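Visitor: I'd like to ask some things about the structure below.
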Amino acid sequence: MALTHKFKDSDDFTQGGEWFDDNGRSICEWAWEASAKKLNIKCGIHGKKIDLSKSEQKMLTDKSLNRTLPMLALETAEEINNIKYEL
């Protein structure tokens with residue numbers, strides 16, 4: 001299964017993004033609450049929040065978050081949907 005990730009705004013990762021399967025169906029969407037440092041993931045009617053406020057500061061740089069947030073969202077979708085997605 002091929003997965004595709006798309007940011008809602010390619011110039012601003014803080015707007016969130018969405019993962020799609022190889023048929024174009026949404027796996028999950030995510031949003032970043034920068035002020036609270038929380039990642040919100042929704043898979044259909046199910047959702048989960050991840051609090052990153054206690055994470056190391058180097059993990060919270062824009063460059064790091066740009067890479068990390070989509071992957072955390074996908075890992076969380078795997079937990080919610082009880083399935084392993086292959087990149």
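Letters A, B, ... go to the chains of the structure tokens in the order shown; residues in each chain start at 1; ligands are counted from 1 in the same order.
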Please provide as a PDB file with C-alpha atoms, in the first residue's frame all residues within 12 Å of A:Lys37, with the sequence filter that same-chain residues fewer than 5 positions apart are discarded (counting only C-alpha atoms).

Guide:
ATOM      1  CA  THR A  14       1.430  24.422  11.265  1.00  0.00           C
ATOM      2  CA  ALA A  31      -3.670  19.680  13.197  1.00  0.00           C
ATOM      3  CA  TRP A  32      -1.001  21.384  15.293  1.00  0.00           C
ATOM      4  CA  LYS A  49      -4.295  14.340  21.179  1.00  0.00           C
ATOM      5  CA  ILE A  50      -0.579  14.108  21.799  1.00  0.00           C
ATOM      6  CA  ASP A  51       0.923  16.614  24.216  1.00  0.00           C
ATOM      7  CA  LEU A  52       4.433  17.603  23.124  1.00  0.00           C
ATOM      8  CA  SER A  53       4.778  20.451  25.613  1.00  0.00           C
ATOM      9  CA  LYS A  54       7.256  18.490  27.708  1.00  0.00           C
ATOM     10  CA  SER A  55       9.377  17.409  24.727  1.00  0.00           C
ATOM     11  CA  GLU A  56      12.950  18.510  24.293  1.00  0.00           C
ATOM     12  CA  GLN A  57      13.222  21.978  22.775  1.00  0.00           C
ATOM     13  CA  MET A  59      12.368  18.443  18.859  1.00  0.00           C
ATOM     14  CA  LEU A  60      10.134  21.503  18.628  1.00  0.00           C
ATOM     15  CA  THR A  61      12.065  23.445  15.999  1.00  0.00           C
ATOM     16  CA  LEU A  65       8.238  19.510  13.533  1.00  0.00           C
ATOM     17  CA  LEU A  69       4.315  15.779  13.099  1.00  0.00           C
TER      18      LEU A  69
END

Visitor: Please provide as a PyMOL selection string all residues within 7 Å of A:Glu18, with the sequence filter that same-chain residues fewer than 3 positions apart are discarded (counting only C-alpha atoms).

Guide: chain A and resi 5-7+28-30

Visitor: Return as a list in words the full set of residues in chain A whose backbone-based DSSP assignment is strand (DSSP E or B).

Guide: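 Answer for chain A restricted to strand (DSSP E or B) is Thr4, His5, Lys6, Phe7, Gly17, Glu18, Trp19, Phe20, Ser26, Ile27, Cys28, Glu29, Trp30, Ala31, Trp32, Glu33, Lys38, Leu39, Asn40, Ile41, Lys42, Cys43, His46, Gly47, Lys48, Lys49, Ile50 and Asp51 of chain A.
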
Visitor: For the residues selected in the previous step, produce a file with N, CA, C and O atoms as an mmCIF file, in the first residue's frame.

Guide:
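Here's the written file out14.cif:
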data_model
loop_
_atom_site.group_PDB
_atom_site.id
_atom_site.type_symbol
_atom_site.label_atom_id
_atom_site.label_comp_id
_atom_site.auth_asym_id
_atom_site.auth_seq_id
_atom_site.Cartn_x
_atom_site.Cartn_y
_atom_site.Cartn_z
ATOM 1 N N THR A 4 0.313 8.570 0.876
ATOM 2 C CA THR A 4 0.650 9.922 0.464
ATOM 3 C C THR A 4 0.289 10.884 1.582
ATOM 4 O O THR A 4 -0.783 10.783 2.174
ATOM 5 N N HIS A 5 1.197 11.800 1.846
ATOM 6 C CA HIS A 5 0.904 12.841 2.823
ATOM 7 C C HIS A 5 0.840 14.178 2.104
ATOM 8 O O HIS A 5 1.655 14.454 1.224
ATOM 9 N N LYS A 6 -0.141 14.990 2.486
ATOM 10 C CA LYS A 6 -0.264 16.337 1.937
ATOM 11 C C LYS A 6 -0.492 17.314 3.081
ATOM 12 O O LYS A 6 -1.353 17.103 3.931
ATOM 13 N N PHE A 7 0.328 18.376 3.089
ATOM 14 C CA PHE A 7 0.094 19.461 4.030
ATOM 15 C C PHE A 7 -1.076 20.292 3.513
ATOM 16 O O PHE A 7 -1.252 20.456 2.304
ATOM 17 N N GLY A 17 -2.144 18.592 8.169
ATOM 18 C CA GLY A 17 -2.054 17.807 6.955
ATOM 19 C C GLY A 17 -2.962 16.597 7.010
ATOM 20 O O GLY A 17 -3.759 16.436 7.940
ATOM 21 N N GLU A 18 -2.799 15.739 5.992
ATOM 22 C CA GLU A 18 -3.646 14.562 5.882
ATOM 23 C C GLU A 18 -2.881 13.453 5.185
ATOM 24 O O GLU A 18 -2.103 13.697 4.270
ATOM 25 N N TRP A 19 -3.095 12.224 5.655
ATOM 26 C CA TRP A 19 -2.537 11.033 5.031
ATOM 27 C C TRP A 19 -3.620 10.344 4.214
ATOM 28 O O TRP A 19 -4.768 10.253 4.662
ATOM 29 N N PHE A 20 -3.231 9.839 3.031
ATOM 30 C CA PHE A 20 -4.150 9.141 2.132
ATOM 31 C C PHE A 20 -3.576 7.771 1.773
ATOM 32 O O PHE A 20 -2.360 7.612 1.673
ATOM 33 N N SER A 26 -8.867 8.956 2.732
ATOM 34 C CA SER A 26 -8.217 9.559 3.889
ATOM 35 C C SER A 26 -7.971 8.511 4.975
ATOM 36 O O SER A 26 -8.864 7.751 5.333
ATOM 37 N N ILE A 27 -6.741 8.473 5.462
ATOM 38 C CA ILE A 27 -6.392 7.623 6.597
ATOM 39 C C ILE A 27 -6.587 8.421 7.880
ATOM 40 O O ILE A 27 -7.197 7.952 8.830
ATOM 41 N N CYS A 28 -6.031 9.634 7.888
ATOM 42 C CA CYS A 28 -6.191 10.508 9.043
ATOM 43 C C CYS A 28 -5.858 11.933 8.635
ATOM 44 O O CYS A 28 -5.211 12.169 7.620
ATOM 45 N N GLU A 29 -6.326 12.848 9.440
ATOM 46 C CA GLU A 29 -5.917 14.239 9.287
ATOM 47 C C GLU A 29 -5.397 14.708 10.631
ATOM 48 O O GLU A 29 -5.761 14.166 11.672
ATOM 49 N N TRP A 30 -4.508 15.692 10.583
ATOM 50 C CA TRP A 30 -3.911 16.172 11.817
ATOM 51 C C TRP A 30 -3.821 17.686 11.817
ATOM 52 O O TRP A 30 -3.820 18.322 10.775
ATOM 53 N N ALA A 31 -3.797 18.237 13.010
ATOM 54 C CA ALA A 31 -3.670 19.680 13.197
ATOM 55 C C ALA A 31 -2.710 19.916 14.352
ATOM 56 O O ALA A 31 -2.616 19.115 15.282
ATOM 57 N N TRP A 32 -1.991 21.035 14.287
ATOM 58 C CA TRP A 32 -1.001 21.384 15.293
ATOM 59 C C TRP A 32 -1.473 22.614 16.044
ATOM 60 O O TRP A 32 -1.726 23.654 15.450
ATOM 61 N N GLU A 33 -1.614 22.486 17.354
ATOM 62 C CA GLU A 33 -1.915 23.624 18.225
ATOM 63 C C GLU A 33 -0.586 24.141 18.739
ATOM 64 O O GLU A 33 -0.067 23.672 19.761
ATOM 65 N N LYS A 38 0.302 20.848 21.077
ATOM 66 C CA LYS A 38 -0.472 19.609 21.027
ATOM 67 C C LYS A 38 -0.766 19.242 19.575
ATOM 68 O O LYS A 38 -1.093 20.099 18.759
ATOM 69 N N LEU A 39 -0.633 17.946 19.300
ATOM 70 C CA LEU A 39 -0.943 17.393 17.985
ATOM 71 C C LEU A 39 -2.290 16.696 18.086
ATOM 72 O O LEU A 39 -2.487 15.835 18.947
ATOM 73 N N ASN A 40 -3.226 17.097 17.234
ATOM 74 C CA ASN A 40 -4.566 16.509 17.214
ATOM 75 C C ASN A 40 -4.699 15.652 15.968
ATOM 76 O O ASN A 40 -4.494 16.134 14.856
ATOM 77 N N ILE A 41 -5.050 14.380 16.157
ATOM 78 C CA ILE A 41 -5.184 13.451 15.045
ATOM 79 C C ILE A 41 -6.617 12.949 15.014
ATOM 80 O O ILE A 41 -7.183 12.570 16.049
ATOM 81 N N LYS A 42 -7.208 12.933 13.803
ATOM 82 C CA LYS A 42 -8.563 12.413 13.613
ATOM 83 C C LYS A 42 -8.530 11.346 12.541
ATOM 84 O O LYS A 42 -8.001 11.552 11.457
ATOM 85 N N CYS A 43 -9.095 10.198 12.862
ATOM 86 C CA CYS A 43 -9.288 9.104 11.917
ATOM 87 C C CYS A 43 -10.785 8.818 11.903
ATOM 88 O O CYS A 43 -11.288 8.113 12.785
ATOM 89 N N HIS A 46 -12.869 8.846 15.227
ATOM 90 C CA HIS A 46 -11.955 8.646 16.348
ATOM 91 C C HIS A 46 -10.844 9.685 16.319
ATOM 92 O O HIS A 46 -10.401 10.095 15.252
ATOM 93 N N GLY A 47 -10.399 10.066 17.485
ATOM 94 C CA GLY A 47 -9.338 11.060 17.559
ATOM 95 C C GLY A 47 -8.468 10.866 18.774
ATOM 96 O O GLY A 47 -8.810 10.126 19.702
ATOM 97 N N LYS A 48 -7.324 11.531 18.732
ATOM 98 C CA LYS A 48 -6.390 11.464 19.848
ATOM 99 C C LYS A 48 -5.555 12.733 19.838
ATOM 100 O O LYS A 48 -5.251 13.280 18.779
ATOM 101 N N LYS A 49 -5.182 13.192 21.034
ATOM 102 C CA LYS A 49 -4.295 14.340 21.179
ATOM 103 C C LYS A 49 -2.981 13.861 21.773
ATOM 104 O O LYS A 49 -2.977 13.030 22.690
ATOM 105 N N ILE A 50 -1.896 14.401 21.258
ATOM 106 C CA ILE A 50 -0.579 14.108 21.799
ATOM 107 C C ILE A 50 0.004 15.414 22.310
ATOM 108 O O ILE A 50 0.123 16.382 21.557
ATOM 109 N N ASP A 51 0.362 15.427 23.586
ATOM 110 C CA ASP A 51 0.923 16.614 24.216
ATOM 111 C C ASP A 51 2.441 16.580 24.074
ATOM 112 O O ASP A 51 3.104 15.710 24.628
#

Visitor: Identify which of the residues A:Leu3, A:Lys8, A:Pro70, A:Gly44 lies closest to A:Leu87, counting only C-alpha atoms when measuring atom-to-atom distances.

Guide: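 Nearest candidate to A:Leu87 out of A:Leu3, A:Lys8, A:Pro70, A:Gly44: A:Leu3.
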
Visitor: If you run DSSP over the backbone, which residues in chain A end up alpha helix (DSSP H)? Put them as a PyMOL selection string.

Guide: chain A and resi 62-81

Visitor: Using N, CA, C and O atoms, can you export the residues from the last selection as a compact mmCIF listing (two decimals), in the first residue's frame?

Guide:
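Result file follows (selection.txt):
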# COMPACT_ATOMS: atom_id res chain seq x y z
N ASP A 62 11.03 24.29 13.98
CA ASP A 62 10.18 24.19 12.78
C ASP A 62 10.64 23.06 11.87
O ASP A 62 9.82 22.30 11.35
N LYS A 63 11.95 22.95 11.67
CA LYS A 63 12.47 21.90 10.78
C LYS A 63 12.13 20.51 11.31
O LYS A 63 11.69 19.64 10.56
N SER A 64 12.29 20.31 12.59
CA SER A 64 12.00 19.03 13.21
C SER A 64 10.50 18.72 13.18
O SER A 64 10.09 17.62 12.85
N LEU A 65 9.69 19.71 13.52
CA LEU A 65 8.24 19.51 13.53
C LEU A 65 7.70 19.21 12.14
O LEU A 65 6.78 18.40 11.99
N ASN A 66 8.27 19.83 11.14
CA ASN A 66 7.84 19.61 9.75
C ASN A 66 7.97 18.13 9.37
O ASN A 66 7.15 17.61 8.61
N ARG A 67 8.98 17.47 9.89
CA ARG A 67 9.19 16.04 9.63
C ARG A 67 8.43 15.17 10.62
O ARG A 67 7.86 14.14 10.26
N THR A 68 8.46 15.57 11.88
CA THR A 68 7.97 14.73 12.96
C THR A 68 6.45 14.65 13.05
O THR A 68 5.90 13.57 13.26
N LEU A 69 5.77 15.77 12.91
CA LEU A 69 4.32 15.78 13.10
C LEU A 69 3.58 14.84 12.16
O LEU A 69 2.72 14.07 12.61
N PRO A 70 3.88 14.85 10.85
CA PRO A 70 3.18 13.89 9.98
C PRO A 70 3.42 12.44 10.37
O PRO A 70 2.50 11.61 10.33
N MET A 71 4.65 12.11 10.77
CA MET A 71 4.96 10.74 11.14
C MET A 71 4.27 10.35 12.46
O MET A 71 3.76 9.23 12.58
N LEU A 72 4.21 11.27 13.41
CA LEU A 72 3.47 10.99 14.65
C LEU A 72 1.99 10.78 14.37
O LEU A 72 1.35 9.91 14.97
N ALA A 73 1.47 11.55 13.44
CA ALA A 73 0.06 11.41 13.06
C ALA A 73 -0.18 10.03 12.45
O ALA A 73 -1.16 9.35 12.78
N LEU A 74 0.71 9.59 11.57
CA LEU A 74 0.55 8.28 10.94
C LEU A 74 0.68 7.16 11.97
O LEU A 74 -0.10 6.21 11.96
N GLU A 75 1.65 7.26 12.87
CA GLU A 75 1.81 6.25 13.92
C GLU A 75 0.56 6.18 14.81
O GLU A 75 0.12 5.10 15.20
N THR A 76 -0.02 7.33 15.09
CA THR A 76 -1.23 7.37 15.91
C THR A 76 -2.40 6.77 15.14
O THR A 76 -3.22 6.05 15.71
N ALA A 77 -2.47 7.03 13.84
CA ALA A 77 -3.52 6.43 13.01
C ALA A 77 -3.40 4.91 13.02
O ALA A 77 -4.43 4.20 13.03
N GLU A 78 -2.18 4.40 13.03
CA GLU A 78 -2.00 2.95 13.11
C GLU A 78 -2.59 2.40 14.40
O GLU A 78 -3.25 1.36 14.38
N GLU A 79 -2.38 3.10 15.50
CA GLU A 79 -2.95 2.68 16.78
C GLU A 79 -4.48 2.75 16.75
O GLU A 79 -5.15 1.81 17.16
N ILE A 80 -5.00 3.87 16.28
CA ILE A 80 -6.45 4.06 16.25
C ILE A 80 -7.12 3.04 15.34
O ILE A 80 -8.13 2.44 15.70
N ASN A 81 -6.56 2.84 14.15
CA ASN A 81 -7.17 1.95 13.15
C ASN A 81 -6.74 0.50 13.29
O ASN A 81 -7.23 -0.37 12.56

Visitor: Report the distance between atom CA of A:Arg25 and atom CA of A:Lys84 in Å, rounded to one decimal place.

Guide: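 Rounded to one decimal, the two atoms are 15.8 Å apart.
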